[in-house]
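The next block is entry.cif, given as mmCIF, C-alpha atoms.
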```
data_structure
#
loop_
_atom_site.label_atom_id
_atom_site.label_comp_id
_atom_site.auth_asym_id
_atom_site.auth_seq_id
_atom_site.Cartn_x
_atom_site.Cartn_y
_atom_site.Cartn_z
CA MET C 1 0.00 0.00 0.00
CA ILE C 2 1.55 3.28 -1.02
CA ASP C 3 0.30 6.49 0.44
CA ASN C 4 -0.72 9.67 -1.32
CA ILE C 5 2.63 11.44 -1.11
CA GLN C 6 4.58 8.54 -2.57
CA ARG C 7 2.02 8.12 -5.32
CA ASN C 8 2.38 11.78 -6.28
CA ILE C 9 6.18 11.63 -6.25
CA ILE C 10 6.13 8.62 -8.57
CA ARG C 11 3.58 10.35 -10.77
CA PHE C 12 5.88 13.38 -11.00
CA PHE C 13 8.83 11.40 -12.36
CA VAL C 14 6.74 9.23 -14.67
CA LEU C 15 5.03 12.26 -16.20
CA VAL C 16 8.25 14.26 -16.68
CA LEU C 17 10.01 11.35 -18.38
CA LEU C 18 6.96 10.53 -20.49
CA GLN C 19 6.76 14.15 -21.60
CA VAL C 20 10.40 14.74 -22.53
CA LEU C 21 11.25 11.29 -23.91
CA ILE C 22 8.12 10.46 -25.84
CA LEU C 23 5.52 13.21 -26.11
CA ASN C 24 7.95 15.99 -27.06
CA ASN C 25 9.10 13.87 -29.98
CA ILE C 26 5.80 12.93 -31.53
CA GLN C 27 3.55 15.00 -33.66
CA LEU C 28 -0.06 14.12 -34.25
CA SER C 29 -1.05 15.30 -37.74
CA GLY C 30 1.36 18.16 -38.23
CA TYR C 31 1.79 20.15 -35.08
CA LEU C 32 -0.31 18.77 -32.27
CA ASN C 33 1.64 17.87 -29.16
CA PRO C 34 -0.04 16.78 -25.93
CA TYR C 35 1.32 18.30 -22.71
CA LEU C 36 0.41 15.42 -20.45
CA TYR C 37 2.63 16.57 -17.57
CA VAL C 38 -0.03 19.05 -16.37
CA LEU C 39 -1.93 16.00 -15.13
CA PHE C 40 0.33 16.16 -12.08
CA ILE C 41 -1.15 19.49 -11.01
CA ILE C 42 -4.67 18.46 -11.95
CA LEU C 43 -4.58 15.35 -9.74
CA LEU C 44 -2.97 16.84 -6.62
CA PRO C 45 -5.13 16.02 -3.56
CA PHE C 46 -7.58 18.64 -2.27
CA GLU C 47 -5.72 18.90 1.01
CA THR C 48 -2.54 20.19 -0.68
CA PRO C 49 -2.02 23.76 0.60
CA GLY C 50 -2.21 26.54 -1.99
CA TRP C 51 1.40 27.62 -1.71
CA LEU C 52 2.59 24.05 -2.21
CA VAL C 53 0.54 23.69 -5.41
CA LEU C 54 2.21 26.83 -6.77
CA ILE C 55 5.69 25.62 -5.87
CA LEU C 56 5.07 22.14 -7.27
CA GLY C 57 3.78 23.80 -10.44
CA PHE C 58 7.02 25.70 -10.70
CA ILE C 59 9.14 22.60 -10.08
CA ILE C 60 7.48 20.40 -12.68
CA GLY C 61 7.35 23.21 -15.26
CA PHE C 62 10.99 24.00 -14.65
CA SER C 63 12.00 20.35 -15.01
CA ILE C 64 10.31 20.21 -18.41
CA ASP C 65 11.99 23.51 -19.34
CA ILE C 66 15.50 22.26 -18.67
CA PHE C 67 14.92 19.26 -20.89
CA SER C 68 13.39 21.20 -23.76
CA ASN C 69 15.55 24.37 -23.66
CA THR C 70 12.58 26.63 -22.97
CA LEU C 71 13.80 28.03 -19.67
CA GLY C 72 10.98 29.63 -17.69
CA ILE C 73 8.21 29.15 -20.24
CA ASN C 74 6.63 25.92 -19.04
CA ALA C 75 7.27 26.97 -15.45
CA ALA C 76 5.39 30.26 -15.88
CA ALA C 77 2.47 28.55 -17.61
CA THR C 78 2.19 25.77 -15.04
CA VAL C 79 2.33 28.21 -12.11
CA ALA C 80 -0.47 30.25 -13.70
CA MET C 81 -2.45 27.05 -14.04
CA ALA C 82 -1.72 26.07 -10.43
CA PHE C 83 -2.96 29.48 -9.29
CA ALA C 84 -6.14 29.12 -11.31
CA ARG C 85 -6.73 25.68 -9.80
CA GLN C 86 -7.43 27.15 -6.35
CA HIS C 87 -10.13 29.45 -7.67
CA LEU C 88 -11.58 26.90 -10.01
CA LEU C 89 -11.92 24.31 -7.26
CA ARG C 90 -13.79 26.83 -5.13
CA LYS C 91 -16.18 27.47 -8.03
CA LEU C 92 -16.69 23.81 -8.90
CA ALA C 93 -17.15 22.55 -5.33
CA PRO C 94 -20.24 20.39 -4.78
CA ARG C 95 -22.78 21.51 -2.20
CA GLY C 96 -21.31 19.57 0.68
CA GLY C 97 -17.72 20.53 -0.20
CA PHE C 98 -15.02 18.14 -1.34
CA ASP C 99 -13.99 15.06 0.58
CA LEU C 100 -10.64 16.32 1.83
CA ASN C 101 -8.97 12.93 1.64
CA SER C 102 -9.70 12.44 -2.06
CA SER C 103 -8.19 13.82 -5.25
CA PRO C 104 -10.09 15.65 -7.98
CA ASP C 105 -10.37 12.58 -10.21
CA VAL C 106 -12.83 11.17 -12.65
CA HIS C 107 -13.84 8.21 -10.49
CA THR C 108 -15.03 10.27 -7.52
CA TYR C 109 -16.70 13.19 -9.28
CA GLY C 110 -17.74 11.83 -12.67
CA ILE C 111 -16.55 12.41 -16.20
CA TRP C 112 -18.47 15.62 -16.88
CA TRP C 113 -17.17 17.33 -13.75
CA PHE C 114 -13.63 16.15 -14.45
CA PHE C 115 -13.84 17.32 -18.06
CA LYS C 116 -14.97 20.83 -17.05
CA TYR C 117 -12.29 21.03 -14.39
CA SER C 118 -9.35 19.72 -16.44
CA PHE C 119 -10.25 21.45 -19.69
CA SER C 120 -10.42 24.88 -18.01
CA LEU C 121 -7.00 24.37 -16.44
CA ILE C 122 -5.43 22.95 -19.62
CA PHE C 123 -6.85 25.81 -21.67
CA ILE C 124 -5.31 28.42 -19.34
CA HIS C 125 -1.98 26.57 -19.39
CA HIS C 126 -1.88 26.20 -23.18
CA ILE C 127 -2.86 29.79 -24.02
CA TYR C 128 -0.21 31.08 -21.62
CA LEU C 129 2.39 28.58 -22.85
CA PHE C 130 1.92 29.09 -26.58
CA TYR C 131 1.98 32.90 -26.50
CA LEU C 132 5.01 32.86 -24.20
CA ALA C 133 6.77 30.40 -26.48
CA VAL C 134 6.28 32.56 -29.57
CA PHE C 135 6.83 35.67 -27.47
CA SER C 136 5.07 37.99 -29.88
CA PHE C 137 1.64 38.51 -31.35
CA GLN C 138 3.08 38.16 -34.83
CA PHE C 139 1.29 34.86 -35.41
CA PHE C 140 -1.74 35.76 -33.26
CA PHE C 141 -4.44 33.60 -34.84
CA LYS C 142 -2.14 30.73 -35.69
CA THR C 143 -1.04 30.61 -32.05
CA LEU C 144 -4.62 30.84 -30.81
CA LEU C 145 -5.73 28.03 -33.08
CA LEU C 146 -2.76 25.88 -32.10
CA SER C 147 -3.36 26.36 -28.39
CA ILE C 148 -7.06 25.49 -28.67
CA LEU C 149 -6.42 22.39 -30.79
CA ASN C 150 -3.65 21.27 -28.48
CA ALA C 151 -5.83 21.86 -25.41
CA ILE C 152 -8.46 19.57 -26.91
CA VAL C 153 -5.88 16.85 -27.64
CA THR C 154 -4.25 17.14 -24.20
CA CYS C 155 -7.62 17.06 -22.45
CA GLY C 156 -8.73 14.02 -24.46
CA ILE C 157 -5.58 12.11 -23.57
CA ILE C 158 -5.82 13.12 -19.90
CA VAL C 159 -9.44 11.96 -19.61
CA LEU C 160 -8.55 8.70 -21.39
CA SER C 161 -5.53 8.16 -19.16
CA GLN C 162 -7.83 8.25 -16.15
CA TYR C 163 -9.62 5.17 -17.41
CA ILE C 164 -6.40 3.37 -18.36
CA THR C 165 -4.81 3.79 -14.93
CA ARG C 166 -8.02 3.05 -13.03
CA LYS C 167 -7.53 1.73 -9.53
CA LYS C 168 -8.90 -1.73 -8.89
CA MET M 1 2.20 45.57 12.08
CA ARG M 2 -0.77 43.36 12.76
CA SER M 3 -2.60 44.61 9.73
CA LEU M 4 0.46 43.80 7.63
CA PHE M 5 0.32 40.19 8.78
CA GLU M 6 -3.39 40.08 8.10
CA PHE M 7 -2.76 41.46 4.65
CA LEU M 8 -0.06 38.86 3.99
CA ALA M 9 -2.27 36.07 5.30
CA LYS M 10 -5.10 37.12 3.06
CA PHE M 11 -3.10 37.64 -0.10
CA HIS M 12 -0.17 35.27 0.37
CA LEU M 13 -1.18 33.14 -2.61
CA ILE M 14 -1.35 36.08 -5.00
CA ILE M 15 1.95 37.43 -3.69
CA LEU M 16 3.67 34.05 -4.03
CA PHE M 17 2.16 33.63 -7.49
CA LEU M 18 3.48 37.00 -8.64
CA ILE M 19 6.95 36.35 -7.20
CA ILE M 20 7.24 33.01 -9.01
CA GLU M 21 6.00 34.52 -12.26
CA VAL M 22 8.60 37.29 -12.02
CA VAL M 23 11.30 34.67 -11.44
CA CYS M 24 10.10 32.78 -14.53
CA PHE M 25 10.21 35.92 -16.65
CA ILE M 26 13.72 36.69 -15.47
CA PHE M 27 14.68 33.22 -16.68
CA ILE M 28 12.91 33.75 -20.01
CA PHE M 29 14.64 37.07 -20.70
CA HIS M 30 17.95 35.65 -19.58
CA PHE M 31 17.56 32.73 -21.96
CA ASN M 32 16.83 35.02 -24.90
CA GLU M 33 20.44 36.25 -24.76
CA PRO M 34 22.34 33.24 -26.13
CA HIS M 35 25.67 34.30 -24.73
CA ASN M 36 24.35 34.20 -21.18
CA VAL M 37 23.23 30.64 -21.43
CA LYS M 38 25.64 28.23 -19.85
CA TYR M 39 23.49 26.30 -17.41
CA LEU M 40 20.04 24.80 -17.28
CA THR M 41 19.96 23.67 -20.89
CA SER M 42 19.56 20.15 -22.22
CA ALA M 43 23.37 19.95 -22.32
CA THR M 44 23.52 19.64 -18.53
CA LYS M 45 24.74 16.34 -17.21
CA ILE M 46 21.42 14.98 -15.93
CA THR M 47 19.30 15.89 -18.94
CA ALA M 48 21.94 14.79 -21.44
CA THR M 49 22.34 11.46 -19.67
CA VAL M 50 18.60 10.87 -19.85
CA TYR M 51 18.59 11.76 -23.56
CA GLU M 52 21.63 9.61 -24.23
CA GLY M 53 19.80 6.69 -22.61
CA LYS M 54 16.82 7.31 -24.84
CA ASN M 55 19.03 7.57 -27.91
CA VAL M 56 20.55 4.14 -27.29
CA VAL M 57 17.12 2.73 -28.11
CA ALA M 58 15.68 5.37 -30.41
CA LYS M 59 18.53 5.55 -32.90
CA TYR M 60 17.82 2.05 -34.22
CA PHE M 61 14.48 3.12 -35.58
CA ASN M 62 15.89 5.12 -38.46
CA LEU M 63 19.30 3.54 -38.92
CA SER M 64 18.57 2.55 -42.51
CA ALA M 65 17.60 6.09 -43.53
CA VAL M 66 20.73 7.46 -41.85
CA ASN M 67 22.89 4.85 -43.55
CA LYS M 68 21.47 5.75 -46.93
CA GLU M 69 22.07 9.46 -46.34
CA LEU M 70 25.67 8.88 -45.26
CA SER M 71 26.49 6.58 -48.17
CA GLU M 72 25.02 9.07 -50.64
CA GLU M 73 27.22 11.70 -49.10
CA ASN M 74 30.23 9.38 -49.32
CA ALA M 75 29.57 8.84 -53.01
CA GLU M 76 29.43 12.58 -53.56
CA ILE M 77 32.69 13.17 -51.74
CA ARG M 78 34.28 10.29 -53.66
CA ASN M 79 33.27 11.99 -56.93
CA VAL M 80 35.03 15.19 -55.95
CA TYR M 81 38.00 13.30 -54.56
CA THR M 82 38.51 11.27 -57.75
CA ARG M 83 38.53 14.45 -59.76
CA ILE M 84 41.22 15.98 -57.54
CA ASP M 85 43.25 12.81 -57.40
CA ASN M 86 43.31 12.13 -61.13
CA PRO M 87 47.06 12.02 -62.01
CA LEU M 88 46.48 13.33 -65.54
CA ILE M 89 45.11 16.58 -64.18
CA LEU M 90 47.23 16.84 -61.09
CA ASN M 91 50.60 16.36 -62.80
CA ALA M 92 49.74 18.84 -65.49
CA ASP M 93 49.38 21.77 -63.16
CA SER M 94 50.55 20.84 -59.72
CA ILE M 95 51.28 23.96 -57.72
CA GLN M 96 53.06 24.39 -54.43
CA ASP M 97 50.73 26.96 -52.95
CA THR M 98 52.25 28.33 -49.77
CA ALA M 99 49.49 30.91 -49.50
CA TYR M 100 46.90 28.18 -49.17
CA LYS M 101 45.47 27.83 -45.71
CA GLN M 102 42.70 25.60 -44.58
CA GLN M 103 39.83 27.74 -43.37
CA TYR M 104 37.33 25.22 -42.06
CA THR M 105 37.65 22.08 -39.96
CA TYR M 106 34.84 19.58 -39.43
CA THR M 107 33.92 17.52 -36.36
CA SER M 108 31.20 14.89 -36.52
CA ALA M 109 28.74 14.39 -33.66
CA GLU M 110 25.69 12.34 -32.83
CA VAL M 111 22.32 14.00 -32.19
CA ILE M 112 20.85 12.69 -28.94
CA ASN M 113 17.74 14.82 -28.83
CA ASN M 114 15.85 16.93 -31.32
CA THR M 115 12.46 18.61 -31.41
CA VAL M 116 10.49 20.07 -34.31
CA ILE M 117 7.19 21.02 -32.68
CA PHE M 118 8.00 24.12 -30.66
CA PRO M 119 8.34 27.70 -31.89
CA LYS M 120 11.96 27.54 -30.75
CA ASN M 121 13.53 24.18 -31.44
CA TYR M 122 16.95 22.93 -30.38
CA LEU M 123 19.07 19.82 -30.90
CA THR M 124 21.32 18.26 -28.29
CA ILE M 125 24.55 16.63 -29.51
CA SER M 126 27.01 14.41 -27.69
CA LYS M 127 30.14 16.53 -28.11
CA GLY M 128 31.05 19.63 -26.16
CA SER M 129 33.85 21.95 -25.21
CA ASP M 130 36.17 18.96 -24.72
CA ALA M 131 35.95 18.31 -28.46
CA GLY M 132 36.55 21.99 -29.24
CA ILE M 133 32.92 22.95 -29.80
CA GLU M 134 32.17 26.62 -29.12
CA PRO M 135 29.02 28.73 -29.35
CA ASP M 136 28.30 30.25 -32.80
CA MET M 137 29.88 27.45 -34.81
CA ALA M 138 28.00 26.26 -37.87
CA VAL M 139 26.25 22.87 -37.84
CA ILE M 140 25.39 20.99 -41.03
CA GLY M 141 24.03 17.55 -41.81
CA PRO M 142 24.75 15.27 -44.77
CA LYS M 143 22.06 17.04 -46.84
CA GLY M 144 22.39 20.67 -45.82
CA ILE M 145 22.54 23.18 -43.00
CA VAL M 146 21.08 22.32 -39.60
CA GLY M 147 21.76 25.24 -37.27
CA ILE M 148 24.22 27.07 -35.04
CA VAL M 149 25.82 25.99 -31.76
CA PHE M 150 23.89 27.77 -29.00
CA SER M 151 25.50 26.69 -25.75
CA VAL M 152 28.06 24.07 -24.73
CA SER M 153 28.89 22.04 -21.66
CA LYS M 154 31.90 19.79 -21.20
CA HIS M 155 30.61 16.82 -23.18
CA TYR M 156 27.42 18.09 -24.78
CA ALA M 157 26.20 21.02 -26.82
CA VAL M 158 22.84 22.57 -27.65
CA ILE M 159 22.24 23.64 -31.24
CA MET M 160 19.71 26.22 -32.32
CA SER M 161 17.94 24.57 -35.23
CA ILE M 162 16.77 26.39 -38.37
CA LEU M 163 13.32 25.62 -36.95
CA ASN M 164 13.68 28.39 -34.39
CA LEU M 165 12.07 31.82 -34.60
CA ASP M 166 15.37 33.42 -33.59
CA PHE M 167 17.35 31.80 -36.42
CA ARG M 168 18.43 33.88 -39.43
CA VAL M 169 20.89 33.06 -42.17
CA SER M 170 21.96 34.84 -45.32
CA ALA M 171 21.01 32.72 -48.35
CA GLN M 172 21.43 33.00 -52.10
CA PHE M 173 20.27 31.43 -55.34
CA LYS M 174 22.83 29.00 -56.67
CA LYS M 175 22.15 29.98 -60.28
CA ASN M 176 22.38 33.78 -60.17
CA HIS M 177 23.71 34.71 -56.72
CA TYR M 178 20.80 36.95 -55.73
CA PHE M 179 20.67 36.84 -51.96
CA GLY M 180 18.10 37.27 -49.21
CA SER M 181 17.51 36.31 -45.64
CA LEU M 182 16.14 32.93 -44.61
CA ALA M 183 13.90 32.49 -41.57
CA TRP M 184 11.45 29.89 -40.37
CA GLU M 185 7.81 30.44 -39.45
CA VAL M 186 5.95 28.35 -36.91
CA GLY M 187 3.95 25.45 -38.20
CA ASN M 188 5.70 23.39 -40.81
CA ALA M 189 8.96 21.57 -40.08
CA ARG M 190 9.86 21.25 -43.77
CA ILE M 191 9.28 24.82 -45.01
CA ALA M 192 11.15 28.07 -44.35
CA LYS M 193 10.74 31.50 -45.97
CA LEU M 194 13.25 33.38 -48.09
CA HIS M 195 12.81 37.14 -47.67
CA GLU M 196 14.01 40.21 -49.56
CA ILE M 197 14.12 38.77 -53.10
CA PRO M 198 12.94 41.58 -55.41
CA TYR M 199 10.52 41.03 -58.32
CA HIS M 200 13.05 41.34 -61.10
CA VAL M 201 14.84 38.18 -60.02
CA ASP M 202 13.99 35.14 -62.12
CA VAL M 203 12.57 32.65 -59.61
CA LYS M 204 11.50 29.13 -60.59
CA LYS M 205 10.26 26.16 -58.64
CA GLY M 206 13.14 23.81 -57.91
CA ASP M 207 15.84 26.50 -57.74
CA THR M 208 18.53 25.58 -55.25
CA ILE M 209 19.26 27.91 -52.33
CA ILE M 210 22.71 27.83 -50.73
CA THR M 211 24.61 29.69 -48.02
CA ASN M 212 26.79 32.60 -49.08
CA ALA M 213 30.02 34.13 -47.93
CA PHE M 214 28.33 37.02 -46.09
CA SER M 215 27.82 34.75 -43.13
CA ASN M 216 30.82 34.60 -40.89
CA ILE M 217 29.65 31.25 -39.57
CA PHE M 218 28.72 29.05 -42.51
CA PRO M 219 31.10 28.28 -45.37
CA SER M 220 29.56 29.43 -48.65
CA GLY M 221 27.88 26.96 -50.99
CA ILE M 222 26.24 24.63 -48.47
CA PRO M 223 22.74 23.60 -49.55
CA ILE M 224 19.82 25.07 -47.61
CA GLY M 225 16.88 23.89 -49.68
CA VAL M 226 14.92 24.30 -52.92
CA VAL M 227 12.17 26.71 -53.90
CA SER M 228 8.88 24.87 -53.55
CA ASN M 229 6.48 27.74 -54.01
CA PHE M 230 6.56 31.47 -54.67
CA LYS M 231 4.08 34.28 -55.16
CA LYS M 232 4.05 38.04 -55.38
CA SER M 233 2.90 39.44 -52.09
CA GLY M 234 0.61 42.41 -52.49
CA GLY M 235 1.91 45.86 -51.59
CA GLU M 236 5.55 44.91 -51.30
CA ASN M 237 8.35 44.69 -53.78
CA PHE M 238 9.56 41.30 -52.64
CA TYR M 239 8.53 37.77 -53.44
CA ASP M 240 6.99 35.51 -50.83
CA ILE M 241 9.10 32.36 -51.33
CA ASP M 242 8.69 28.98 -49.64
CA ILE M 243 11.86 26.93 -49.34
CA THR M 244 11.69 23.18 -48.75
CA LEU M 245 14.62 22.56 -46.42
CA ALA M 246 17.30 20.12 -47.56
CA THR M 247 17.58 18.67 -44.06
CA ASP M 248 14.64 16.62 -42.87
CA PHE M 249 14.56 17.61 -39.22
CA LYS M 250 12.43 14.68 -38.21
CA ASN M 251 15.33 12.45 -39.09
CA VAL M 252 18.63 14.08 -38.10
CA GLN M 253 21.16 11.78 -36.46
CA GLN M 254 24.63 12.71 -37.62
CA VAL M 255 25.83 16.30 -37.90
CA TYR M 256 29.12 18.06 -38.58
CA ILE M 257 30.25 21.05 -36.55
CA ILE M 258 32.30 23.50 -38.57
CA ARG M 259 35.03 25.63 -37.08
CA ASN M 260 35.93 28.72 -39.08
CA MET M 261 39.59 29.25 -38.29
CA MET M 262 39.58 32.74 -39.75
CA LYS M 263 36.50 33.90 -37.87
CA HIS M 264 38.40 36.03 -35.35
CA GLU M 265 40.46 37.63 -38.06
CA ARG M 266 37.39 38.55 -40.05
CA ASP M 267 35.51 39.68 -36.94
CA SER M 268 38.28 42.02 -35.92
CA VAL M 269 38.60 43.49 -39.41
CA GLU M 270 34.85 44.05 -39.63
CA LYS M 271 34.81 45.54 -36.16
CA LEU M 272 37.45 48.05 -37.24
CA MET M 273 35.27 49.07 -40.14
CA HIS M 274 32.21 49.53 -37.93
CA ALA M 275 34.24 51.48 -35.39
CA GLY M 276 35.44 53.81 -38.14
CA LYS M 277 31.92 54.74 -39.19
#
```

Please render this file's structure as structure tokens.
Amino acid sequence: MIDNIQRNIIRFFVLVLLQVLILNNIQLSGYLNPYLYVLFIILLPFETPGWLVLILGFIIGFSIDIFSNTLGINAAATVAMAFARQHLLRKLAPRGGFDLNSSPDVHTYGIWWFFKYSFSLIFIHHIYLFYLAVFSFQFFFKTLLLSILNAIVTCGIIVLSQYITRKK
Amino acid sequence: MRSLFEFLAKFHLIILFLIIEVVCFIFIFHFNEPHNVKYLTSATKITATVYEGKNVVAKYFNLSAVNKELSEENAEIRNVYTRIDNPLILNADSIQDTAYKQQYTYTSAEVINNTVIFPKNYLTISKGSDAGIEPDMAVIGPKGIVGIVFSVSKHYAVIMSILNLDFRVSAQFKKNHYFGSLAWEVGNARIAKLHEIPYHVDVKKGDTIITNAFSNIFPSGIPIGVVSNFKKSGGENFYDIDITLATDFKNVQQVYIIRNMMKHERDSVEKLMHAGK
């Protein structure tokens, strides 16, 4: 039996390696690239304090940055997403509040809730990431289109991954 | 004092968020100045080791394509070599040229990581300052140019690929020497744009584009790509030209790093000229 902290640490390393070794090297139909590593922030337990979510967001974003020579870009986007998570969770809380011992996952709160929650976060992350990466508004609509398409792909893979790694 | 603590308690998340974002932006601006970048790239020991581990497996997937490319290149070099070595020609006009000096030296290296999907793409190679690699050296593949050395560590180096919004190179038509500036635009990993070619130049599909001697980094005459499409852009006096790159960036495994031994000499002469202005 592994506890929540160990599970999250393992998830951190698996997601970073998966992202830099496999996902950064594949292209789905031209230029779609899923950023699966944000799943780490999405699945952090409810009881994680706000400041820790921000710092973990920075650490995982920064790890991705060092591997892909984009220093600061993924970190900034993931921290923005981690910040949004606090507010979003307050908005999306069910009437009785969340069960503090659980994580915001698809099995506890249903697919529709999880989709709304993860897609909002992914969308914020991708918009921030793509404009920062180009660092100009020169390709404004191309960047917008790319970030929306990529958000859809990332969200699809994240929702699917929840069913693949389902706990028995 | 108490109200300060209350304020901090209430807004600590926003304050922490802003501090981290500022730190990130400092990193981003720092990274945009290539000469600052020595640490925290994919050439660091940990990241390069991870990539090297991946490459042990991944390189087998396109070995046959790489073999074909290298043997084609060998054949080409053999053609040139036979011409030079032909005794009939050589004996006829053999010259002892004491003024001749080799300008470029080549080092081969293996690519251990490469991306094509980002707006700013880089390659990581498994040779670094120990092998004499320095920032701003030219990098070419068997088919054509690949990029410029961006930052080096002891055993690894990061190369800014052509597929990077910050990359520029002076390029010319092989047939008539008209020159322009080549840059990539986000989206397609095979296509770059050639700018500043005026309307009176005779452009045809299939024209070869090569590097020219204006660049202090690349030797002249190295293939960049061929014209795949061109149109007259409204309102300007320049063509809008698509270049299909000679190097297929999805499949780069072996590269050569070129040292220009006369770079410092040329730099200092050109600096004198600029200082005199």

Counting all atoms listed in the file, which residues of chain M come no farther than 10 Å from chain C, as a ChimeraX atom specification? /M:12-14,16-18,20-32,37,39-44,46-48,50-51,53-55,58,113-124,158,160,164-166,185-189,250

For this structure, which residues satisfy the selection - the PyMOL selection byres ((chain C and resi 121) around 9) - when it is evaluated on the file as given? I want them as a list in words. Val38, Ile42, Met81, Ala82, Ala84, Arg85, Leu88, Lys116, Tyr117, Ser118, Phe119, Ser120, Ile122, Phe123, Ile124, His125 and His126 of chain C

Between M:Asn74, M:Ser268, M:Ser220, M:Asn62, smallest distance to M:Pro142 by all atoms listed in the file belongs to M:Asn74

Counting all atoms listed in the file, the residue of C:Arg7, C:Ile157, C:Ile127, C:Asp99 that sits nearest C:Tyr37: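 For C:Tyr37, the nearest of the candidates is C:Ile157.
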
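When atom CA of C:Pro34 is paired with atom CA of M:Ala246, their separation reads 27.9 Å.
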
Choose the residue, out of M:Leu163, M:Ile243, M:Asn237, M:Val146, that has the smallest atom-to-atom separation from M:Leu194; count all atoms listed in the file. M:Ile243

Atom CA of M:His264 and atom CA of M:Ser215 are how many Å apart?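 Interatomic distance, atom CA of M:His264 to atom CA of M:Ser215: 13.2 Å.
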
What gap, in Å, lies between atom CA of M:Ser151 and atom CA of M:Pro135?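 Answer for the atom CA of M:Ser151 to atom CA of M:Pro135 separation: 5.4 Å.
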
Need to verify the contact set: M:Val149, 6 Å, only C-alpha atoms, exclusion of same-chain residues closer than 3 positions in sequence. Can you return it as a list in words? Pro135, Asp136, Met137 and Ile159 of chain M

Tell me which of M:Ile217, M:Val226, M:Ile112, M:Ile77 sits closest to M:Gln253, counting only C-alpha atoms.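 Looking at the shortest contact to M:Gln253, the residue is M:Ile112.
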
Give me the result of the PyMOL selection byres ((chain M and resi 242) around 12) on this file, residue by residue, as a ChimeraX atom specification. /M:182-185,188,190-195,197,203-209,224-232,239-241,243-245

Got a sec to resolve the PyMOL selection byres ((chain C and resi 43) around 6) on this structure and send the residues as a count of residues only? 6

Selection: 9 Å around C:Asn101, all atoms listed in the file, excl. self and same-chain fewer than 5 positions, as a ChimeraX atom specification: /C:45-47
